[in-house]
>>> print(open('start-v3.pdb').read())   # PDB, C-alpha atoms
MODEL        1
ATOM      1  CA  MET S 597     -15.862  14.152  -3.749
ATOM      2  CA  SER S 598     -14.793  10.973  -5.527
ATOM      3  CA  LEU S 599     -12.356   8.536  -3.941
ATOM      4  CA  ALA S 600      -9.665   9.386  -6.514
ATOM      5  CA  ASN S 601     -10.031  13.091  -5.724
ATOM      6  CA  TRP S 602      -9.895  12.331  -2.000
ATOM      7  CA  PHE S 603      -6.542  10.574  -2.455
ATOM      8  CA  ASP S 604      -5.267  13.526  -4.497
ATOM      9  CA  LYS S 605      -6.337  15.966  -1.781
ATOM     10  CA  VAL S 606      -4.539  13.973   0.914
ATOM     11  CA  ARG S 607      -1.374  13.959  -1.175
ATOM     12  CA  GLU S 608      -1.720  17.692  -1.919
ATOM     13  CA  LEU S 609      -2.171  18.439   1.767
ATOM     14  CA  ILE S 610       0.977  16.508   2.703
ATOM     15  CA  VAL S 611       2.968  18.321   0.017
ATOM     16  CA  SER S 612       1.483  21.686   1.002
ATOM     17  CA  VAL S 613       2.250  21.269   4.693
ATOM     18  CA  SER S 614       5.798  20.242   3.809
ATOM     19  CA  LYS S 615       6.233  23.404   1.721
ATOM     20  CA  ILE S 616       4.946  25.541   4.586
ATOM     21  CA  HIS S 617       7.480  23.916   6.897
ATOM     22  CA  SER S 618      10.281  24.418   4.363
ATOM     23  CA  TYR S 619       9.769  28.193   4.641
ATOM     24  CA  GLY S 620      10.098  28.015   8.407
ATOM     25  CA  CYS S 621       6.384  28.543   8.938
ATOM     26  CA  TYR S 622       4.101  26.332  10.993
ATOM     27  CA  HIS S 623       0.398  25.835  11.512
ATOM     28  CA  GLY S 624      -1.995  24.788  14.196
ATOM     29  CA  ALA S 625      -3.408  21.289  14.542
ATOM     30  CA  LEU S 626      -5.064  20.305  11.285
ATOM     31  CA  ASN S 627      -8.072  18.904  13.128
ATOM     32  CA  LEU S 628      -9.054  22.363  14.356
ATOM     33  CA  LYS S 629     -11.368  24.627  12.392
ATOM     34  CA  SER S 630      -8.956  27.466  12.999
ATOM     35  CA  SER S 631      -6.216  25.587  11.131
ATOM     36  CA  TYR S 632      -6.129  25.642   7.359
ATOM     37  CA  VAL S 633      -3.692  25.612   4.463
ATOM     38  CA  PHE S 634      -3.845  27.873   1.397
ATOM     39  CA  VAL S 635      -2.399  26.706  -1.920
ATOM     40  CA  ALA S 636      -2.515  29.032  -4.928
ATOM     41  CA  GLY S 637      -5.195  31.075  -3.234
ATOM     42  CA  HIS S 638      -7.453  28.100  -2.547
ATOM     43  CA  LEU S 639      -8.235  26.625   0.837
ATOM     44  CA  LYS S 640      -7.243  22.951   1.078
ATOM     45  CA  MET S 641      -9.149  20.892   3.632
ATOM     46  CA  ILE S 642      -9.137  17.207   4.518
ATOM     47  CA  ASN S 643     -11.433  15.194   6.730
ATOM     48  CA  LEU S 644      -9.871  11.817   7.531
ATOM     49  CA  GLU S 645     -13.083  10.705   9.179
ATOM     50  CA  GLY S 646     -15.190  11.527   6.139
ATOM     51  CA  PHE S 647     -17.191   9.030   4.148
ATOM     52  CA  CYS S 648     -16.161   7.722   0.748
ATOM     53  CA  SER S 649     -18.813   5.906  -1.243
ATOM     54  CA  ASP S 650     -16.501   3.880  -3.500
ATOM     55  CA  LYS S 651     -17.366   0.213  -2.914
ATOM     56  CA  ARG S 652     -13.711  -0.815  -3.195
ATOM     57  CA  PHE S 653     -12.633   1.544  -0.434
ATOM     58  CA  ARG S 654     -11.964  -0.465   2.721
ATOM     59  CA  TRP S 655     -11.525   1.199   6.092
ATOM     60  CA  PRO S 656      -8.653  -1.093   7.248
ATOM     61  CA  GLU S 657      -6.556   0.462   4.489
ATOM     62  CA  LYS S 658      -7.345   3.938   5.752
ATOM     63  CA  ASP S 659      -6.459   2.774   9.255
ATOM     64  CA  ALA S 660      -3.113   1.448   7.994
ATOM     65  CA  PHE S 661      -2.348   4.888   6.583
ATOM     66  CA  LEU S 662      -3.233   6.593   9.867
ATOM     67  CA  ASN S 663      -1.224   4.007  11.811
ATOM     68  CA  CYS S 664       1.748   4.821   9.607
ATOM     69  CA  ILE S 665       1.430   8.470  10.615
ATOM     70  CA  LEU S 666       1.373   7.567  14.302
ATOM     71  CA  SER S 667       4.154   4.976  14.180
ATOM     72  CA  THR S 668       6.629   6.977  12.080
ATOM     73  CA  CYS S 669       6.173  10.493  13.485
ATOM     74  CA  TRP S 670       9.442  10.076  15.419
ATOM     75  CA  LEU S 671      11.459   9.926  12.181
ATOM     76  CA  TRP S 672      13.491  12.801  10.830
ATOM     77  CA  TYR S 673      11.239  15.195   8.961
ATOM     78  CA  ASN S 674      12.327  14.234   5.433
ATOM     79  CA  GLU S 675      11.875  10.521   6.176
ATOM     80  CA  PHE S 676       8.458  11.118   7.708
ATOM     81  CA  TYR S 677       7.398  13.195   4.713
ATOM     82  CA  PHE S 678       8.536  10.442   2.328
ATOM     83  CA  LYS S 679       6.639   7.785   4.297
ATOM     84  CA  LEU S 680       3.385   9.693   4.033
ATOM     85  CA  ARG S 681       3.643  11.040   0.506
ATOM     86  CA  ASN S 682       4.520   7.621  -0.937
ATOM     87  CA  HIS S 683       2.232   5.483   1.196
ATOM     88  CA  PRO S 684       0.538   2.679  -0.825
ATOM     89  CA  PHE S 685      -2.869   3.885   0.352
ATOM     90  CA  LEU S 686      -2.494   7.014  -1.788
ATOM     91  CA  LEU S 687      -1.265   5.227  -4.918
ATOM     92  CA  THR S 688      -3.280   4.096  -7.911
ATOM     93  CA  PRO S 689      -3.750   0.326  -8.399
ATOM     94  CA  MET S 690      -1.001   0.236 -11.037
ATOM     95  CA  LYS S 691       1.393   2.247  -8.878
ATOM     96  CA  ARG S 692       0.690  -0.002  -5.881
ATOM     97  CA  LEU S 693       1.530  -3.116  -7.891
ATOM     98  CA  GLU S 694       4.654  -1.507  -9.318
ATOM     99  CA  TYR S 695       5.658  -0.541  -5.789
ATOM    100  CA  ALA S 696       5.241  -4.141  -4.592
ATOM    101  CA  ASP S 697       7.455  -5.212  -7.484
ATOM    102  CA  ARG S 698      10.144  -2.732  -6.395
ATOM    103  CA  LEU S 699       9.883  -3.928  -2.800
ATOM    104  CA  TYR S 700      10.470  -7.497  -3.948
ATOM    105  CA  ARG S 701      13.583  -6.515  -5.883
ATOM    106  CA  LEU S 702      14.792  -4.435  -2.937
ATOM    107  CA  THR S 703      14.471  -7.271  -0.415
ATOM    108  CA  ALA S 704      15.808  -9.900  -2.823
ATOM    109  CA  ALA S 705      18.901  -7.795  -3.489
ATOM    110  CA  ASP S 706      19.825  -7.648   0.200
ATOM    111  CA  PRO S 707      18.654 -10.878   1.899
ATOM    112  CA  GLY S 708      20.948 -10.266   4.853
ATOM    113  CA  ASN S 709      18.971  -7.164   5.774
ATOM    114  CA  ASN S 710      15.498  -8.506   5.138
ATOM    115  CA  ILE S 711      12.857  -6.769   7.234
ATOM    116  CA  LEU S 712      10.366  -9.517   6.342
ATOM    117  CA  SER S 713      12.036 -11.783   8.899
ATOM    118  CA  SER S 714      10.800  -9.470  11.657
ATOM    119  CA  GLN S 715       8.105 -10.635  14.071
ATOM    120  CA  VAL S 716       5.934  -7.842  12.700
ATOM    121  CA  PHE S 717       5.189 -10.144   9.759
ATOM    122  CA  ASP S 718       4.349 -13.272  11.763
ATOM    123  CA  GLN S 719       0.673 -12.871  10.871
ATOM    124  CA  TYR S 720       1.580 -13.501   7.216
ATOM    125  CA  ARG S 721       3.533 -16.729   7.772
ATOM    126  CA  ASN S 722       0.656 -19.017   6.858
ATOM    127  CA  TRP S 723      -0.637 -17.074   3.886
ATOM    128  CA  ASN S 724      -0.773 -20.120   1.580
ATOM    129  CA  SER S 725      -2.653 -22.594   3.741
ATOM    130  CA  LYS S 726      -5.003 -24.941   1.896
ATOM    131  CA  SER S 727      -8.055 -23.093   3.171
ATOM    132  CA  ALA S 728      -6.596 -19.742   2.128
ATOM    133  CA  ILE S 729      -5.770 -20.942  -1.381
ATOM    134  CA  ALA S 730      -9.273 -22.388  -1.749
ATOM    135  CA  SER S 731     -10.755 -18.938  -1.076
ATOM    136  CA  TRP S 732      -8.712 -17.161  -3.742
ATOM    137  CA  SER S 733      -9.968 -16.165  -7.159
ATOM    138  CA  ASP S 734      -9.339 -18.480 -10.113
ATOM    139  CA  TYR S 735      -6.725 -16.079 -11.456
ATOM    140  CA  MET S 736      -4.721 -16.136  -8.222
ATOM    141  CA  GLN S 737      -4.875 -19.921  -8.030
ATOM    142  CA  GLY S 738      -3.774 -20.153 -11.649
ATOM    143  CA  VAL S 739      -0.670 -18.068 -10.978
ATOM    144  CA  TYR S 740       0.077 -19.943  -7.749
ATOM    145  CA  PHE S 741      -0.010 -23.324  -9.509
ATOM    146  CA  PHE S 742       1.560 -22.019 -12.712
ATOM    147  CA  LYS S 743       4.477 -24.436 -12.374
ATOM    148  CA  GLU S 744       3.990 -28.172 -11.980
ATOM    149  CA  LYS S 745       5.632 -28.006  -8.568
ATOM    150  CA  THR S 746       5.311 -24.790  -6.628
ATOM    151  CA  ASP S 747       8.108 -23.759  -4.285
ATOM    152  CA  TYR S 748       6.225 -21.263  -2.124
ATOM    153  CA  ILE S 749       6.868 -22.215   1.493
ATOM    154  CA  GLY S 750       4.570 -19.772   3.251
ATOM    155  CA  THR S 751       7.054 -17.124   4.386
ATOM    156  CA  PRO S 752       6.443 -13.369   4.092
ATOM    157  CA  GLU S 753       9.265 -13.301   1.536
ATOM    158  CA  ASP S 754       7.343 -15.776  -0.596
ATOM    159  CA  LEU S 755       4.135 -13.796  -0.210
ATOM    160  CA  LEU S 756       5.863 -10.726  -1.617
ATOM    161  CA  ARG S 757       7.238 -12.860  -4.448
ATOM    162  CA  PHE S 758       3.748 -14.210  -5.136
ATOM    163  CA  ILE S 759       2.293 -10.689  -5.303
ATOM    164  CA  ARG S 760       5.091  -9.750  -7.675
ATOM    165  CA  ASN S 761       4.321 -12.821  -9.808
ATOM    166  CA  LEU S 762       0.627 -11.919  -9.908
ATOM    167  CA  PHE S 763       1.576  -8.533 -11.312
ATOM    168  CA  HIS S 764       4.031  -9.982 -13.824
ATOM    169  CA  HIS S 765       1.471 -12.494 -15.079
ATOM    170  CA  PHE S 766      -1.053  -9.690 -15.424
ATOM    171  CA  SER S 767       1.471  -7.684 -17.432
ATOM    172  CA  GLN S 768       1.616 -10.467 -20.015
ATOM    173  CA  ALA S 769      -1.015  -9.894 -22.668
ATOM    174  CA  CYS S 770      -1.934 -13.585 -22.800
ATOM    175  CA  CYS S 771      -3.004 -13.531 -19.139
ATOM    176  CA  ARG S 772      -4.656 -10.145 -18.911
ATOM    177  CA  PRO S 773      -8.203 -10.965 -20.154
ATOM    178  CA  THR S 774      -8.912 -13.116 -17.092
ATOM    179  CA  VAL S 775      -8.744 -10.221 -14.625
ATOM    180  CA  THR S 776      -8.808  -6.426 -14.617
ATOM    181  CA  LEU S 777      -6.202  -4.267 -12.933
ATOM    182  CA  ASP S 778      -8.696  -3.067 -10.327
ATOM    183  CA  GLU S 779      -9.779  -6.638  -9.569
ATOM    184  CA  LEU S 780      -6.190  -7.791  -9.137
ATOM    185  CA  ASP S 781      -5.356  -4.883  -6.847
ATOM    186  CA  TYR S 782      -8.522  -5.449  -4.834
ATOM    187  CA  ASP S 783      -7.886  -9.184  -4.415
ATOM    188  CA  ILE S 784      -4.332  -8.613  -3.195
ATOM    189  CA  ARG S 785      -5.466  -6.018  -0.681
ATOM    190  CA  TYR S 786      -8.410  -8.172   0.401
ATOM    191  CA  PHE S 787      -6.652 -11.515   0.888
ATOM    192  CA  PHE S 788      -3.327 -10.122   2.167
ATOM    193  CA  GLU S 789      -4.660  -7.193   4.123
ATOM    194  CA  GLU S 790      -2.187  -4.359   4.750
ATOM    195  CA  PHE S 791       0.832  -6.510   3.805
ATOM    196  CA  VAL S 792       2.460  -3.988   1.463
ATOM    197  CA  ASP S 793       1.442  -1.173   3.812
ATOM    198  CA  VAL S 794       3.233  -2.871   6.720
ATOM    199  CA  ILE S 795       6.381  -3.307   4.631
ATOM    200  CA  HIS S 796       6.285   0.369   3.706
ATOM    201  CA  ARG S 797       5.864   1.406   7.334
ATOM    202  CA  ASN S 798       8.831  -0.703   8.471
ATOM    203  CA  LEU S 799      11.322   0.142   5.732
TER     204      LEU S 799
ENDMDL
END
>>> encode(input="start-v3.pdb", output="structure tokens")
Amino acid sequence: MSLANWFDKVRELIVSVSKIHSYGCYHGALNLKSSYVFVAGHLKMINLEGFCSDKRFRWPEKDAFLNCILSTCWLWYNEFYFKLRNHPFLLTPMKRLEYADRLYRLTAADPGNNILSSQVFDQYRNWNSKSAIASWSDYMQGVYFFKEKTDYIGTPEDLLRFIRNLFHHFSQACCRPTVTLDELDYDIRYFFEEFVDVIHRNL
């Protein structure tokens, strides 16, 4: 099974389980062989501990998805379902970048209720140190120093703005040849590990 198909199967399973619940029916633990879900006459199975061979698949991202399940299971059912179905881990590179763009606009529109000020994001408060910038790809450095005088001050809010700016620069045809969409998505997830995932979990 390819990585793309694996993501699709996870999403299908979440949707399928939700539909079963909506009819007032329930199932056993999904980690038991005796538990299974039928959709359109076909058995849907998922193995979260399986192996995916895609070289861009990184286990910390899978762990972030599983952590989201554990940390949000106390939510009301509809909220919990939304958290899982729309988790960045299951999105395509383009959808992940578009989602980061929406998150930026959401937080910028309501600065008084900014979750990025939470201690949860303390690990991202030095994201633009000199050593960090030196390790970035040329494309990322080019966007960071796009203006003569940058005004990024190293806060999580600025990191989200920087990710948004990376996407906007990519969207401009004049910038696109220097990096592919997959490379941009990979670099963001590599250098700012789980950042968008953590925002999603804490919304």
>>> residues_around(input="start-v3.pdb", residues="Arg607 (chain S)", least_positions_apart="2", cutoff="9 Å", atoms="all atoms listed in the file", output="count of residues only")
12
>>> residues_near_point(input="start-v3.pdb", point="(5.6, -3.9, 10.0)", cutoff="9 Å", atoms="only C-alpha atoms", output="VMD selection string")
chain S and resid 711 to 712 714 to 717 791 793 to 799
>>> atom_distance(input="start-v3.pdb", atom1="CA of Lys679 (chain S)", atom2="CA of Lys691 (chain S)")
15.2 Å
>>> resolve_selection(input="start-v3.pdb", expression="the PyMOL selection byres ((chain S and resi 752) around 10)", output="list in words")
Ile711, Leu712, Ser713, Ser714, Phe717, Asp718, Gln719, Tyr720, Arg721, Asn722, Trp723, Ile749, Gly750, Thr751, Glu753, Asp754, Leu755, Leu756, Arg757, Phe758 and Phe791 of chain S
>>> residues_around(input="start-v3.pdb", residues="region 778-789 of chain S", least_positions_apart="5", cutoff="9 Å", atoms="only C-alpha atoms", output="ChimeraX atom specification")
/S:652,654,656-657,689-690,692-693,720,723,728,731-733,735-736,755,759,762-763,766
>>> atom_distance(input="start-v3.pdb", atom1="CA of Phe685 (chain S)", atom2="CA of Tyr700 (chain S)")
18.1 Å
>>> atom_distance(input="start-v3.pdb", atom1="CA of Leu699 (chain S)", atom2="CA of Asn724 (chain S)")
19.9 Å
>>> closest_residue(input="start-v3.pdb", among="S:Ala730, S:Arg760, S:Glu675, S:Asp747", to="Tyr695 (chain S)", atoms="all atoms listed in the file")
S:Arg760
>>> closest_residue(input="start-v3.pdb", among="S:Leu777, S:Val792, S:Ile729, S:Ala600", to="Ala696 (chain S)", atoms="only C-alpha atoms")
S:Val792
